Amino acid sequence: MSPVSDVEGEPVDPLVAAESLTKHYGDVVALDGVSFGIFDGITGILGENGAGKSTAIKIFLGLLQPTSGRAMVLGKDSSRSVTVRERLGYMPEHDCLPRNVSAAELLTHLAEASGLPPSRARTRAADTLRHAGLFEERYRPIGGYSTGMKQRVKLAQALVHDPRMVFLDEPTAGLDPAGREEMLDLVRKTHREFGISILLSSHLMADVERTCDRILVLQSGRLVRSGEVSGFTAETESVFIEVDSGREAVVAQLEARGVTVRVERSGLHVDGADESIYDLVRDAVVDAKAPLRRMAPRRRALAELFMHEGEEVEP
Amino acid sequence: MTAASADARGRAVAAEATTVAGSGTVFDIGYQSYDGPREGRARARMAVFKDGVRTALGLGRGVRAKVLPWTFIILLVSIAFIMALVTGAMLRLGGPDAAAHMPSHSDFYGIASIFFFVFSAVVAPELLCPDRRDGVINLYLVRPLTGSDYIAARWLAFLAVSLGVAWLPQLVLLVGRVMGNPDPVGYLAANWLDIPRILASGAALAVYTTTLGMLVAAFTTRRAYASVFLVGLFVITTPFTTGLASEIGGTAGRWISMFNLSNIPVHVNDLIFNDVSGITRGAPARELPAWVRVAWYFLWVVVPGSVLWGRYRRPIS
């Protein structure tokens, strides 16, 4: 993965890079020669179950060996370097917490297991639990925690050693809407206030769209799309129009102006985020003499966008 | 790191201060980036070792976690204490002629080894099964630790506890024998070799039970299954092999007797003390050459140890 330039024009190496990464489980292809780079910020890795998200993360963490290709993390080959994991954090999707120890004890122990001296580990555990909103509950056995609190402990253990990069595998799994929002807030805060880069894996479009700066989309082990979230959302922006009568006339006027219109039962959708779209809609409605009931910006979900994606798009 | 995130990390370090009029200053230091030492793999291994010792002894856990290990420790020490009392009483009442009949260090493992085996069967699975059942092992293996580091640290942790449990009662017995003797210094000078023998035989027993206990625990996530299987292994092989060996007799009987898993380290104990303990006295395996019994012991340590290591090994250097 070659370096890219940051905003000042300086070349920046990716924190994480996949180079023709392939992983087979017998006859099943989990990853099929994917190449991409992950830079500073919050990157979402999106895909359905079985798309290869967790496999990619496990290869980056050195838990799995790739069948072929290379996974580089913080400049080192993840399959050859154990010490690089001092600067990596991982929040697994599934249960991973002991029941009979307190969050404070677990985090202190795991900070030591990440290489921190015992006295520093205790301080870091307390600081991280405060960040995760569990400071008051830190001496209670984890077995008595709610699902939301357990998710926070899982996030806290990934951060306790102040990693450079954190991998979050489905961090909102099992949470109610309020808990989901709180978790995503914590994720955003972790990067924006503490400068820790994040790779967030999810099958929930909304989570990725609301949290991430960049997105990678995996489908059946292949990278089908990658780019800035703003680029994705620009493509999903549209204008919704509702008229009391003369709908056909409005459609005709818009099409005469070269605008593609999608007609739905509830109204008309015009794709595009450009300001000029609103002027065209206004003119078309006036010329069609149609009484306008509503004109509003709308956003199609990312899911809707990916349903129209082709087989493969170069990164 | 971009300028923005560097700034973010800098801001996180900065303290926010709020002055409350007339009452001092409250500092909210918030989240701070860590720029202290990182001690790498050695610290990680030590952390897993320390946690293993604490888990085995129930330290920092609830009362229930302490009951089983400490019951066995107290039981084993009590056996040694009673043996020391008997020794003292025999010396006082029977005089020097009674010395030959006193309970010896070699006798201790013959009497107490079954409790030691059950201790291992009950406690060893505690170090491995919950980590796999609860998924905690996934949190270890994403840190600067390999699977080999993890299992080595856990094995050493339980070995350290087992050594303590094996040596402590013998120390009590030694003190009892020394203090019970009318000439303690003379007794110690005449029997100082007992000290390295105690250390060696305790180590032989601890290495054996630790390895077998951890091996069985490595193949199940249920602690109870591992414990029951281990107790069965240690207890059931005794009557089974004893009966079969006496039925068949000859060389085949001697080799069948070697499969009495409880006796394997006790044969080594006998060789170290140059004595015969109560439980091996009638074992046909005792008629096999000493080197065969020692080699058999090492086979039962090295092969299970290799299988255990293979079970946790990860393809990372």
# chains A, B, ... in the order shown; residues from 1 in each chain; ligands from 1
$ closest_atom_pairs --of "chain A" --to "chain B" --cutoff "7 Å" --atoms "only C-alpha atoms" --output "JSON lines"
{"residue": "A:Asp40", "atom": "CA", "partner": "B:Met1", "partner_atom": "CA", "distance": 6.3}
{"residue": "A:Leu61", "atom": "CA", "partner": "B:Val142", "partner_atom": "CA", "distance": 6.1}
{"residue": "A:Ser79", "atom": "CA", "partner": "B:Ile316", "partner_atom": "CA", "distance": 6.2}
{"residue": "A:Arg80", "atom": "CA", "partner": "B:Ile316", "partner_atom": "CA", "distance": 5.9}
{"residue": "A:Val82", "atom": "CA", "partner": "B:Pro144", "partner_atom": "CA", "distance": 5.1}
{"residue": "A:Thr83", "atom": "CA", "partner": "B:Pro144", "partner_atom": "CA", "distance": 5.1}
{"residue": "A:Arg85", "atom": "CA", "partner": "B:Pro144", "partner_atom": "CA", "distance": 5.2}
{"residue": "A:Glu86", "atom": "CA", "partner": "B:Pro144", "partner_atom": "CA", "distance": 5.7}
{"residue": "A:Tyr90", "atom": "CA", "partner": "B:Val142", "partner_atom": "CA", "distance": 6.9}
{"residue": "A:Asp95", "atom": "CA", "partner": "B:Gly135", "partner_atom": "CA", "distance": 6.2}
{"residue": "A:Cys96", "atom": "CA", "partner": "B:Gly135", "partner_atom": "CA", "distance": 4.1}
{"residue": "A:Leu97", "atom": "CA", "partner": "B:Val136", "partner_atom": "CA", "distance": 5.7}
{"residue": "A:Pro98", "atom": "CA", "partner": "B:Asp134", "partner_atom": "CA", "distance": 5.8}
{"residue": "A:Val101", "atom": "CA", "partner": "B:Arg61", "partner_atom": "CA", "distance": 6.9}
{"residue": "A:His109", "atom": "CA", "partner": "B:Ala47", "partner_atom": "CA", "distance": 6.6}
{"residue": "A:Glu112", "atom": "CA", "partner": "B:Ala47", "partner_atom": "CA", "distance": 5.7}
{"residue": "A:Ala113", "atom": "CA", "partner": "B:Ala44", "partner_atom": "CA", "distance": 3.9}
{"residue": "A:Ser114", "atom": "CA", "partner": "B:Arg143", "partner_atom": "CA", "distance": 5.4}
{"residue": "A:Gly115", "atom": "CA", "partner": "B:Gly40", "partner_atom": "CA", "distance": 4.4}
{"residue": "A:Leu116", "atom": "CA", "partner": "B:Arg38", "partner_atom": "CA", "distance": 5.1}
{"residue": "A:Pro117", "atom": "CA", "partner": "B:Glu39", "partner_atom": "CA", "distance": 6.9}
{"residue": "A:Asp127", "atom": "CA", "partner": "B:Tyr31", "partner_atom": "CA", "distance": 6.0}
{"residue": "A:His131", "atom": "CA", "partner": "B:Tyr31", "partner_atom": "CA", "distance": 6.6}
{"residue": "A:Asp162", "atom": "CA", "partner": "B:Tyr34", "partner_atom": "CA", "distance": 5.9}
{"residue": "A:Arg192", "atom": "CA", "partner": "B:Ala8", "partner_atom": "CA", "distance": 6.4}
{"residue": "A:Glu193", "atom": "CA", "partner": "B:Ala8", "partner_atom": "CA", "distance": 5.0}
{"residue": "A:Phe194", "atom": "CA", "partner": "B:Arg9", "partner_atom": "CA", "distance": 4.8}
{"residue": "A:Gly195", "atom": "CA", "partner": "B:Ser5", "partner_atom": "CA", "distance": 4.5}
$ select_by_dssp --residues "range 91-189 of chain B" --states "alpha helix (DSSP H)" --output "JSON, numbers by chain"
{"B": [91, 92, 93, 94, 105, 106, 107, 108, 109, 110, 111, 112, 113, 114, 115, 116, 117, 118, 119, 120, 121, 122, 123, 124, 125, 126, 127, 128, 129, 130, 131, 132, 133, 136, 137, 138, 139, 140, 147, 148, 149, 150, 151, 152, 153, 154, 155, 156, 157, 158, 159, 160, 161, 162, 163, 164, 165, 166, 167, 168, 169, 170, 171, 172, 173, 174, 175, 176, 177, 178, 179, 180, 184, 185, 186, 187, 188, 189]}
$ select_by_dssp --residues "range 54-233 of chain A" --states "strand (DSSP E or B)" --output "ChimeraX atom specification"
/A:68-73,76-77,88-91,102,141,165-169,197-202,214-219,222-228
$ residues_around --residues "Trp291 in chain B" --least-positions-apart "6" --cutoff "12 Å" --atoms "only C-alpha atoms" --output "list of chain:residue names"
B:His267, B:Val268, B:Leu271, B:Ala285, B:Tyr297, B:Phe298, B:Leu299
$ write_last_selection --atoms "C-alpha atoms" --output "PDB file, in the first residue's frame"
ATOM      1  CA  HIS B 267       7.978 -44.509  42.414  1.00  0.00           C
ATOM      2  CA  VAL B 268      10.250 -41.521  41.760  1.00  0.00           C
ATOM      3  CA  LEU B 271      13.997 -43.653  44.410  1.00  0.00           C
ATOM      4  CA  ALA B 285       6.034 -52.129  38.913  1.00  0.00           C
ATOM      5  CA  TYR B 297       7.690 -40.709  34.797  1.00  0.00           C
ATOM      6  CA  PHE B 298       9.355 -38.404  32.271  1.00  0.00           C
ATOM      7  CA  LEU B 299       7.270 -39.900  29.465  1.00  0.00           C
TER       8      LEU B 299
END
$ atom_distance --atom1 "CA of Gly164 in chain B" --atom2 "CA of Met90 in chain B"
28.0 Å
